[in-house]
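Peer 1: For reference, the file structure32.csv (CSV, C-alpha atoms) is included below:
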chain,number,residue,atom,x,y,z
D,1,MET,CA,-38.7,-31.3,-130.3
D,2,SER,CA,-36.5,-30.3,-133.3
D,3,GLY,CA,-37.0,-29.7,-137.0
D,4,GLY,CA,-40.1,-27.7,-136.5
D,5,PRO,CA,-41.7,-24.7,-134.7
D,6,ASP,CA,-41.3,-24.5,-131.0
D,7,LEU,CA,-44.9,-25.2,-129.9
D,8,ARG,CA,-44.0,-24.6,-126.2
D,9,HIS,CA,-42.9,-21.0,-126.7
D,10,ASP,CA,-44.2,-19.8,-130.1
D,11,ALA,CA,-47.8,-18.8,-129.5
D,12,ALA,CA,-48.7,-18.5,-133.2
D,13,ALA,CA,-47.3,-22.0,-133.8
D,14,TRP,CA,-49.1,-23.4,-130.8
D,15,ASP,CA,-52.4,-21.9,-131.9
D,16,ALA,CA,-52.0,-23.3,-135.5
D,17,PHE,CA,-51.4,-26.7,-133.9
D,18,VAL,CA,-54.5,-26.5,-131.8
D,19,GLU,CA,-56.7,-25.3,-134.7
D,20,GLY,CA,-55.3,-28.1,-136.9
D,21,THR,CA,-56.5,-30.8,-134.6
D,22,GLU,CA,-60.0,-32.3,-134.7
D,23,HIS,CA,-60.7,-31.5,-131.0
D,24,GLY,CA,-58.9,-28.2,-130.7
D,25,SER,CA,-60.7,-25.9,-128.2
D,26,TYR,CA,-60.5,-22.2,-127.7
D,27,LEU,CA,-59.6,-22.9,-124.1
D,28,GLN,CA,-56.3,-24.3,-125.3
D,29,LEU,CA,-55.5,-21.3,-127.4
D,30,ASP,CA,-52.9,-18.7,-126.3
D,31,GLY,CA,-55.8,-16.2,-126.1
D,32,TRP,CA,-57.2,-18.0,-123.1
D,33,ALA,CA,-53.8,-17.9,-121.4
D,34,GLN,CA,-53.9,-14.1,-121.9
D,35,VAL,CA,-57.5,-13.9,-120.5
D,36,LYS,CA,-56.3,-15.7,-117.3
D,37,ALA,CA,-53.0,-13.9,-116.8
D,38,PRO,CA,-54.4,-10.8,-114.9
D,39,ASN,CA,-56.0,-13.2,-112.4
D,40,GLY,CA,-52.7,-14.7,-111.4
D,41,TRP,CA,-52.6,-17.7,-113.7
D,42,ARG,CA,-49.5,-18.5,-115.6
D,43,ALA,CA,-49.5,-20.8,-118.7
D,44,ARG,CA,-47.0,-23.5,-119.6
D,45,ARG,CA,-47.1,-25.8,-122.6
D,46,VAL,CA,-46.0,-29.4,-122.7
D,47,VAL,CA,-45.7,-31.3,-126.0
D,48,ALA,CA,-44.6,-34.8,-126.9
D,49,GLY,CA,-44.4,-36.9,-130.1
D,50,ALA,CA,-43.1,-36.3,-133.6
D,51,PRO,CA,-45.0,-34.3,-136.3
D,52,GLY,CA,-48.1,-36.1,-137.3
D,53,GLU,CA,-48.3,-37.8,-133.9
D,54,ARG,CA,-47.9,-34.8,-131.6
D,55,ILE,CA,-49.9,-34.4,-128.4
D,56,GLY,CA,-49.8,-31.5,-126.1
D,57,LEU,CA,-51.5,-29.3,-123.6
D,58,GLN,CA,-51.5,-25.7,-122.3
D,59,VAL,CA,-51.5,-25.9,-118.5
D,60,LEU,CA,-52.8,-23.0,-116.4
D,61,LEU,CA,-51.1,-22.7,-113.0
D,62,ARG,CA,-51.8,-20.6,-109.9
D,63,ARG,CA,-50.8,-21.0,-106.3
D,64,PRO,CA,-53.5,-19.9,-103.8
D,65,ARG,CA,-52.1,-18.7,-100.5
D,66,PRO,CA,-51.3,-20.2,-98.1
D,67,LEU,CA,-51.0,-23.5,-99.9
D,68,PRO,CA,-47.5,-24.6,-101.0
D,69,TRP,CA,-48.9,-26.3,-104.1
D,70,ALA,CA,-50.0,-24.7,-107.3
D,71,LEU,CA,-53.3,-25.6,-109.0
D,72,ALA,CA,-52.7,-27.1,-112.5
D,73,TYR,CA,-55.5,-27.4,-115.0
D,74,ALA,CA,-55.5,-27.9,-118.8
D,75,PRO,CA,-59.0,-26.9,-119.9
D,76,ARG,CA,-60.2,-29.1,-122.7
D,77,GLY,CA,-56.7,-30.5,-123.0
D,78,PRO,CA,-54.8,-32.2,-124.2
D,79,VAL,CA,-55.1,-31.8,-128.0
D,80,ALA,CA,-53.6,-34.3,-130.3
D,81,GLU,CA,-52.9,-35.3,-133.9
D,82,ALA,CA,-53.2,-38.9,-132.9
D,83,TRP,CA,-54.9,-40.4,-129.8
D,84,THR,CA,-52.9,-43.5,-129.2
D,85,PRO,CA,-51.7,-45.3,-126.1
D,86,ALA,CA,-48.1,-44.5,-127.0
D,87,ALA,CA,-49.0,-40.8,-127.3
D,88,ILE,CA,-50.6,-40.8,-123.9
D,89,GLY,CA,-47.6,-42.5,-122.4
D,90,ASP,CA,-45.2,-40.0,-124.0
D,91,LEU,CA,-47.2,-37.0,-122.8
D,92,THR,CA,-47.4,-38.4,-119.3
D,93,ALA,CA,-43.7,-39.0,-119.2
D,94,ALA,CA,-43.1,-35.4,-120.5
D,95,LEU,CA,-45.4,-34.0,-117.8
D,96,ARG,CA,-43.6,-35.8,-115.0
D,97,ALA,CA,-40.3,-34.6,-116.4
D,98,ALA,CA,-41.5,-31.0,-116.6
D,99,GLY,CA,-41.6,-30.7,-112.8
D,100,PRO,CA,-38.9,-27.9,-112.6
D,101,GLU,CA,-40.7,-25.8,-115.2
D,102,LEU,CA,-44.2,-26.3,-113.8
D,103,GLY,CA,-43.2,-25.9,-110.2
D,104,ARG,CA,-44.7,-27.7,-107.2
D,105,ILE,CA,-48.1,-28.9,-108.1
D,106,SER,CA,-50.4,-31.4,-106.3
D,107,HIS,CA,-52.1,-32.7,-109.4
D,108,LEU,CA,-52.9,-31.8,-113.0
D,109,ARG,CA,-56.5,-32.1,-114.2
D,110,ILE,CA,-57.5,-32.6,-117.8
D,111,ASP,CA,-60.8,-33.0,-119.5
D,112,PRO,CA,-60.2,-33.6,-123.2
D,113,GLU,CA,-62.9,-32.9,-125.7
D,114,VAL,CA,-62.9,-36.5,-126.9
D,115,GLU,CA,-66.2,-38.5,-127.2
D,116,ALA,CA,-66.5,-41.5,-124.9
D,117,ASP,CA,-66.5,-44.6,-127.0
D,118,GLY,CA,-66.1,-42.5,-130.1
D,119,PRO,CA,-63.5,-42.9,-132.9
D,120,ASP,CA,-60.7,-41.7,-130.6
D,121,ASP,CA,-61.9,-43.8,-127.6
D,122,PRO,CA,-63.1,-47.1,-129.2
D,123,GLY,CA,-64.4,-49.4,-126.6
D,124,GLY,CA,-62.9,-47.1,-123.9
D,125,GLY,CA,-59.4,-47.5,-125.3
D,126,LEU,CA,-58.3,-44.0,-124.6
D,127,ARG,CA,-59.6,-44.1,-121.0
D,128,ALA,CA,-57.8,-47.4,-120.5
D,129,ALA,CA,-54.6,-45.9,-121.8
D,130,LEU,CA,-54.9,-43.0,-119.4
D,131,GLU,CA,-55.4,-45.4,-116.5
D,132,ARG,CA,-52.4,-47.5,-117.5
D,133,ALA,CA,-50.3,-44.3,-117.7
D,134,GLY,CA,-51.3,-43.4,-114.1
D,135,TRP,CA,-54.2,-41.0,-114.5
D,136,GLN,CA,-57.2,-41.2,-112.2
D,137,THR,CA,-60.8,-40.3,-113.0
D,138,ALA,CA,-61.9,-37.0,-111.6
D,139,PRO,CA,-64.8,-34.6,-111.9
D,140,SER,CA,-65.0,-32.8,-115.2
D,141,ILE,CA,-64.7,-29.0,-114.8
D,142,GLN,CA,-66.0,-28.4,-118.3
D,143,PRO,CA,-69.5,-29.6,-119.4
D,144,PRO,CA,-69.4,-33.4,-119.6
D,145,THR,CA,-72.0,-33.6,-122.3
D,146,SER,CA,-72.9,-31.3,-125.2
D,147,ARG,CA,-74.9,-31.3,-128.5
D,148,VAL,CA,-72.9,-30.9,-131.7
D,149,ILE,CA,-74.3,-30.1,-135.1
D,150,ASP,CA,-72.5,-31.2,-138.2
D,151,LEU,CA,-72.5,-28.3,-140.6
D,152,VAL,CA,-71.5,-30.3,-143.7
D,153,ALA,CA,-75.2,-30.6,-144.7
D,154,ASP,CA,-76.8,-27.9,-146.7
D,155,GLU,CA,-79.0,-25.2,-145.2
D,156,ASP,CA,-82.3,-26.8,-146.1
D,157,ALA,CA,-81.2,-30.1,-144.4
D,158,LEU,CA,-80.1,-28.2,-141.3
D,159,TRP,CA,-83.5,-26.4,-141.2
D,160,SER,CA,-85.4,-29.6,-141.6
D,161,ASP,CA,-83.5,-31.0,-138.6
D,162,LEU,CA,-85.1,-28.5,-136.4
D,163,ARG,CA,-88.2,-29.8,-134.6
D,164,LYS,CA,-91.4,-28.5,-136.2
D,165,LYS,CA,-92.3,-26.4,-133.1
D,166,TRP,CA,-88.8,-24.9,-133.2
D,167,ARG,CA,-89.2,-23.9,-136.8
D,168,GLN,CA,-92.6,-22.3,-135.9
D,169,TYR,CA,-90.9,-20.3,-133.1
D,170,VAL,CA,-88.2,-19.1,-135.4
D,171,ASN,CA,-90.9,-17.9,-137.9
D,172,LYS,CA,-92.8,-16.3,-135.0
D,173,ALA,CA,-89.8,-14.2,-134.1
D,174,ARG,CA,-89.4,-13.2,-137.7
D,175,ALA,CA,-93.0,-12.3,-137.9
D,176,SER,CA,-92.6,-10.1,-134.9
D,177,ALA,CA,-89.8,-8.2,-136.8
D,178,VAL,CA,-87.0,-9.7,-134.6
D,179,THR,CA,-83.7,-9.6,-136.5
D,180,VAL,CA,-80.2,-10.9,-135.7
D,181,VAL,CA,-77.3,-8.4,-135.8
D,182,GLU,CA,-73.9,-7.6,-134.5
D,183,LEU,CA,-74.3,-4.3,-132.7
D,184,PRO,CA,-72.0,-1.4,-133.6
D,185,GLY,CA,-69.6,-0.2,-131.0
D,186,ASP,CA,-68.8,-2.0,-127.8
D,187,PRO,CA,-71.1,-5.2,-127.5
D,188,ILE,CA,-70.1,-6.1,-124.0
D,189,PRO,CA,-72.4,-3.8,-122.0
D,190,PRO,CA,-75.6,-4.9,-123.8
D,191,PHE,CA,-74.4,-8.5,-123.7
D,192,TYR,CA,-73.7,-8.4,-120.0
D,193,GLU,CA,-77.1,-6.7,-119.2
D,194,ILE,CA,-78.9,-9.5,-120.9
D,195,TYR,CA,-76.7,-12.2,-119.3
D,196,ARG,CA,-77.1,-10.7,-115.8
D,197,GLU,CA,-80.8,-10.6,-116.2
D,198,THR,CA,-80.8,-14.3,-117.3
D,199,ALA,CA,-78.6,-15.3,-114.4
D,200,GLN,CA,-80.9,-13.6,-111.9
D,201,ARG,CA,-84.0,-15.2,-113.4
D,202,ALA,CA,-82.5,-18.7,-113.8
D,203,GLY,CA,-80.4,-18.7,-110.6
D,204,PHE,CA,-76.9,-19.3,-111.8
D,205,LEU,CA,-73.6,-17.6,-111.0
D,206,ILE,CA,-71.8,-15.3,-113.5
D,207,ARG,CA,-68.6,-13.2,-113.3
D,208,VAL,CA,-68.1,-9.5,-113.4
D,209,GLU,CA,-68.5,-7.7,-116.7
D,210,GLN,CA,-64.7,-7.3,-117.2
D,211,ALA,CA,-64.3,-11.1,-117.3
D,212,TYR,CA,-66.4,-11.3,-120.5
D,213,ARG,CA,-64.7,-8.2,-122.0
D,214,ASP,CA,-61.3,-10.0,-121.5
D,215,VAL,CA,-62.6,-13.0,-123.4
D,216,TYR,CA,-64.0,-10.8,-126.2
D,217,GLU,CA,-60.8,-8.8,-126.5
D,218,ALA,CA,-58.7,-11.9,-126.6
D,219,PHE,CA,-60.5,-13.5,-129.5
D,220,ALA,CA,-62.4,-10.9,-131.5
D,221,PRO,CA,-59.5,-9.1,-133.0
D,222,ALA,CA,-58.3,-12.3,-134.7
D,223,GLY,CA,-61.8,-13.1,-135.9
D,224,ARG,CA,-62.3,-15.9,-133.4
D,225,GLY,CA,-64.9,-14.2,-131.2
D,226,ARG,CA,-68.2,-12.4,-131.9
D,227,ILE,CA,-71.4,-11.6,-130.2
D,228,LEU,CA,-74.7,-11.9,-132.0
D,229,PHE,CA,-77.9,-10.1,-130.8
D,230,ALA,CA,-81.5,-10.7,-131.5
D,231,VAL,CA,-83.1,-7.2,-131.5
D,232,GLY,CA,-86.7,-6.1,-131.6
D,233,PRO,CA,-88.2,-3.8,-134.3
D,234,ASP,CA,-87.1,-0.8,-132.2
D,235,GLY,CA,-83.5,-2.1,-132.0
D,236,THR,CA,-83.8,-3.2,-128.3
D,237,PRO,CA,-81.5,-6.2,-127.6
D,238,LEU,CA,-83.7,-9.2,-126.6
D,239,ALA,CA,-81.2,-12.1,-126.6
D,240,SER,CA,-77.4,-12.6,-127.1
D,241,LEU,CA,-74.9,-15.3,-128.0
D,242,PHE,CA,-71.2,-15.1,-127.4
D,243,LEU,CA,-69.5,-17.3,-130.1
D,244,VAL,CA,-65.9,-18.4,-130.2
D,245,ARG,CA,-64.3,-20.1,-133.2
D,246,THR,CA,-61.3,-22.5,-133.2
D,247,GLY,CA,-60.4,-23.6,-136.7
D,248,ARG,CA,-63.6,-24.9,-138.2
D,249,ARG,CA,-65.4,-25.3,-134.9
D,250,VAL,CA,-67.8,-22.8,-133.4
D,251,VAL,CA,-68.9,-22.9,-129.8
D,252,GLU,CA,-71.3,-20.8,-127.8
D,253,PRO,CA,-70.1,-20.7,-124.2
D,254,TYR,CA,-72.3,-17.8,-123.1
D,255,GLY,CA,-75.8,-16.6,-123.9
D,256,GLY,CA,-79.0,-15.3,-122.5
D,257,MET,CA,-82.3,-13.6,-123.2
D,258,THR,CA,-84.7,-11.0,-121.6
D,259,ALA,CA,-88.2,-11.8,-120.5
D,260,ILE,CA,-89.6,-10.0,-123.5
D,261,GLY,CA,-87.2,-11.9,-125.8
D,262,ALA,CA,-88.6,-15.1,-124.4
D,263,GLU,CA,-92.1,-14.1,-125.2
D,264,LEU,CA,-91.1,-13.2,-128.8
D,265,ARG,CA,-89.1,-16.5,-129.1
D,266,ALA,CA,-86.1,-14.3,-130.0
D,267,ASN,CA,-83.7,-16.9,-128.7
D,268,TYR,CA,-84.9,-19.5,-131.2
D,269,LEU,CA,-84.2,-17.2,-134.2
D,270,LEU,CA,-80.9,-16.2,-132.7
D,271,LYS,CA,-79.7,-19.8,-132.3
D,272,TRP,CA,-80.8,-20.7,-135.8
D,273,GLU,CA,-79.0,-17.7,-137.3
D,274,ALA,CA,-75.9,-18.5,-135.4
D,275,ILE,CA,-75.9,-22.1,-136.8
D,276,ARG,CA,-76.8,-20.9,-140.3
D,277,ARG,CA,-74.2,-18.2,-140.4
D,278,SER,CA,-71.5,-20.4,-139.0
D,279,ARG,CA,-72.0,-22.9,-141.8
D,280,GLU,CA,-72.1,-20.1,-144.3
D,281,GLU,CA,-68.8,-18.8,-143.1
D,282,GLY,CA,-67.1,-22.2,-143.5
D,283,ALA,CA,-67.4,-23.8,-140.1
D,284,ALA,CA,-67.7,-27.6,-140.1
D,285,THR,CA,-69.3,-28.1,-136.6
D,286,TYR,CA,-71.4,-26.1,-134.2
D,287,ASP,CA,-71.1,-26.9,-130.5
D,288,LEU,CA,-74.0,-25.9,-128.3
D,289,TRP,CA,-71.7,-26.2,-125.3
D,290,GLY,CA,-73.1,-28.1,-122.5
D,291,LEU,CA,-76.4,-29.6,-121.3
D,292,ALA,CA,-76.5,-28.3,-117.8
D,293,HIS,CA,-80.0,-29.5,-116.9
D,294,PRO,CA,-83.0,-31.2,-118.7
D,295,GLY,CA,-84.6,-27.9,-119.7
D,296,ILE,CA,-81.5,-26.7,-121.6
D,297,ALA,CA,-80.9,-30.2,-123.0
D,298,HIS,CA,-84.5,-30.2,-124.3
D,299,PHE,CA,-84.2,-26.7,-125.8
D,300,LYS,CA,-80.9,-27.5,-127.6
D,301,ALA,CA,-82.1,-30.9,-128.8
D,302,GLY,CA,-84.7,-29.1,-130.9
D,303,PHE,CA,-82.0,-27.7,-133.2
D,304,GLY,CA,-80.8,-31.1,-134.3
D,305,GLY,CA,-77.3,-32.5,-134.1
D,306,ARG,CA,-76.4,-35.2,-131.7
D,307,GLU,CA,-75.6,-35.5,-128.0
D,308,VAL,CA,-72.0,-36.1,-127.2
D,309,ARG,CA,-70.7,-37.5,-123.9
D,310,TYR,CA,-67.0,-36.8,-123.3
D,311,VAL,CA,-64.4,-39.0,-121.6
D,312,GLY,CA,-64.6,-36.8,-118.5
D,313,GLY,CA,-62.0,-35.4,-116.1
D,314,TRP,CA,-58.7,-37.1,-115.3
D,315,ASP,CA,-56.0,-36.3,-112.7
D,316,LEU,CA,-52.3,-37.0,-112.8
D,317,VAL,CA,-51.6,-37.0,-109.0
D,318,LEU,CA,-48.1,-35.8,-108.2
D,319,ASP,CA,-48.7,-35.1,-104.4
D,320,PRO,CA,-51.5,-37.1,-102.8
D,321,LEU,CA,-51.6,-34.9,-99.7
D,322,GLY,CA,-51.8,-31.7,-101.8
D,323,ARG,CA,-54.7,-33.1,-103.8
D,324,ARG,CA,-56.7,-34.0,-100.7
D,325,VAL,CA,-56.1,-30.5,-99.3
D,326,TYR,CA,-57.2,-28.9,-102.6
D,327,GLU,CA,-60.4,-30.9,-102.8
D,328,THR,CA,-61.3,-30.0,-99.2
D,329,ALA,CA,-60.7,-26.3,-99.8
D,330,GLN,CA,-62.5,-26.4,-103.1
D,331,ARG,CA,-65.7,-27.8,-101.5
D,332,ALA,CA,-65.6,-25.1,-98.9
D,333,ARG,CA,-65.1,-22.4,-101.6
D,334,VAL,CA,-68.1,-23.6,-103.6
D,335,ARG,CA,-70.4,-23.6,-100.5
D,336,TRP,CA,-69.3,-20.1,-99.7
D,337,ALA,CA,-69.8,-18.9,-103.3
D,338,ARG,CA,-73.3,-20.4,-103.4
D,339,ALA,CA,-74.2,-18.9,-100.0
D,340,ARG,CA,-72.9,-15.5,-101.0
D,341,ALA,CA,-75.0,-15.6,-104.1
D,342,GLY,CA,-78.1,-16.8,-102.3
D,343,LEU,CA,-78.2,-20.1,-104.0
D,344,ALA,CA,-79.5,-23.2,-102.3
D,345,PRO,CA,-76.9,-26.0,-101.9
D,346,GLY,CA,-78.4,-28.1,-104.7
D,347,ALA,CA,-79.2,-25.2,-107.0
D,348,PRO,CA,-78.0,-25.5,-110.6
D,349,ALA,CA,-74.9,-23.6,-111.5
D,350,THR,CA,-73.3,-23.3,-114.9
D,351,ALA,CA,-70.2,-25.2,-115.9
D,352,SER,CA,-66.8,-23.4,-115.7
D,353,ALA,CA,-65.1,-22.3,-118.9
D,354,GLY,CA,-61.5,-22.6,-118.2
D,355,SER,CA,-60.3,-23.3,-114.7
D,356,PRO,CA,-61.1,-24.9,-111.3
D,357,GLY,CA,-64.0,-23.6,-109.4
D,358,GLY,CA,-65.4,-21.3,-112.0
D,359,THR,CA,-62.4,-18.9,-111.8
D,360,ALA,CA,-62.1,-18.7,-115.6
D,361,GLY,CA,-65.7,-18.1,-116.6
D,362,ASP,CA,-69.1,-19.8,-116.3
D,363,GLY,CA,-69.9,-21.3,-119.6
D,364,GLY,CA,-73.6,-20.7,-119.0
D,365,ASP,CA,-76.2,-20.7,-121.7
D,366,ALA,CA,-79.8,-20.2,-120.7
D,367,GLY,CA,-80.9,-20.6,-124.3
Have the structure of the file written as structure tokens, please.
Peer 2:
Amino acid sequence: MSGGPDLRHDAAAWDAFVEGTEHGSYLQLDGWAQVKAPNGWRARRVVAGAPGERIGLQVLLRRPRPLPWALAYAPRGPVAEAWTPAAIGDLTAALRAAGPELGRISHLRIDPEVEADGPDDPGGGLRAALERAGWQTAPSIQPPTSRVIDLVADEDALWSDLRKKWRQYVNKARASAVTVVELPGDPIPPFYEIYRETAQRAGFLIRVEQAYRDVYEAFAPAGRGRILFAVGPDGTPLASLFLVRTGRRVVEPYGGMTAIGAELRANYLLKWEAIRRSREEGAATYDLWGLAHPGIAHFKAGFGGREVRYVGGWDLVLDPLGRRVYETAQRARVRWARARAGLAPGAPATASAGSPGGTAGDGGDAG
């Protein structure tokens, strides 16, 4: 591309592009590439189209030994100024031509944050364009559904969208002197303590504490990341929410609560305050990030908004044998991880937040 910033190599320009698109995700920001770098992932960007019609993605690549192929995944990518069949064709051609820079890869997986049959996929038009360009449907690594709240409405309207029982729970927490704060100092240890307790109680996998510190340090300095806590009258943290902002969108990829917090309904007040404050600070949408199972879906539905189903995962297969080998190895890895954690084969696990097999985060939210 000429006549404008180099989106492939200029991180600031790339981030501005991502934040300027309707479906820009923090998983496509340069900060996420920095989070993944210590774990052996390298990032490359591919962009196609003229200004106003640009489409691009940030690809994460890692070659697990002894495989000769690298894994390639663009979490919540691509992002685009215009979702047209021509744009999809141009991007696919650019990806095929980027072979020398990307290296030897078996397949590239994408899972764009585009609503199925929504404005950018009318009548399945985007999915049809992907198929015509040679993409194949694949499992979505990110949550395939979510609940999104439009923050354009005023606070009274948002409050009225909460179910009556949910409003009562919020008020119960307030009556119990629960408040919502950002703790002074390092928020990661208290966040992780709550998150680990939640994971043990609910039976899902999480990563080591440093993984969440990496995410916080990648986004908080620029004002894109924060952790809110619901605390009791004595200041004890009862629930936490890890929020990340991209442009005018706020998402909550991680969160949890203690057993005492559940009794006091601290998580209801915390969720409401996160929504309310996001609107107050100029966000246009609040994404509750994934509906992992009916219990979570029911809890989140009580805060209003609408359920969104995305177009799902898609693979551009560049080496069919490599893709088959990868899928076999991945199934074995998931079985091993579940067995190591003591989870039954069918036990629920949270969705990944950034790369295949949960290697980039968990994306969990136990409410």
Peer 1: Applying 8 Å and all atoms listed in the file, which residues near Leu108 (chain D) remain after dropping the ones on its own chain fewer than 3 positions away? List them as a PyMOL selection string.
Peer 2: chain D and resi 71-74+105+315-318
Peer 1: Using all atoms listed in the file, which protein or nucleic acid residues come within 12 Å of Leu288 (chain D)? Drop anything in the same chain fewer than 3 positions from it, and give the result as number ranges by chain.
Peer 2: D: 143, 145-150, 241-244, 249-255, 271-272, 274-275, 285, 291-292, 296-297, 299-308, 363-367
Peer 1: Work out how far CA of Pro187 (chain D) is from CA of Arg277 (chain D), in Å to one decimal.
Peer 2: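 CA of Pro187 (chain D) lies 18.6 Å from CA of Arg277 (chain D).
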Peer 1: Which is closer to Thr84 (chain D) than all the others in D:Asp287, D:Asp234, D:Glu115, D:Asp120, using all atoms listed in the file?
Peer 2: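 Nearest candidate to Thr84 (chain D) out of D:Asp287, D:Asp234, D:Glu115, D:Asp120: D:Asp120.
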Peer 1: Please provide the set of residues having any atom within 10 Å of Ser25 (chain D), restricted to only C-alpha atoms, with same-chain residues fewer than 5 positions apart removed, written as a PDB file with C-alpha atoms, in the frame of the given file.
Peer 2:
ATOM      1  CA  ASP D  15     -52.400 -21.900-131.900  1.00  0.00           C
ATOM      2  CA  VAL D  18     -54.500 -26.500-131.800  1.00  0.00           C
ATOM      3  CA  GLU D  19     -56.700 -25.300-134.700  1.00  0.00           C
ATOM      4  CA  PRO D  75     -59.000 -26.900-119.900  1.00  0.00           C
ATOM      5  CA  ARG D  76     -60.200 -29.100-122.700  1.00  0.00           C
ATOM      6  CA  GLY D  77     -56.700 -30.500-123.000  1.00  0.00           C
ATOM      7  CA  PRO D  78     -54.800 -32.200-124.200  1.00  0.00           C
ATOM      8  CA  VAL D  79     -55.100 -31.800-128.000  1.00  0.00           C
ATOM      9  CA  PRO D 112     -60.200 -33.600-123.200  1.00  0.00           C
ATOM     10  CA  GLU D 113     -62.900 -32.900-125.700  1.00  0.00           C
ATOM     11  CA  VAL D 244     -65.900 -18.400-130.200  1.00  0.00           C
ATOM     12  CA  ARG D 245     -64.300 -20.100-133.200  1.00  0.00           C
ATOM     13  CA  THR D 246     -61.300 -22.500-133.200  1.00  0.00           C
ATOM     14  CA  GLY D 247     -60.400 -23.600-136.700  1.00  0.00           C
ATOM     15  CA  ARG D 249     -65.400 -25.300-134.900  1.00  0.00           C
ATOM     16  CA  VAL D 250     -67.800 -22.800-133.400  1.00  0.00           C
ATOM     17  CA  VAL D 251     -68.900 -22.900-129.800  1.00  0.00           C
TER      18      VAL D 251
END
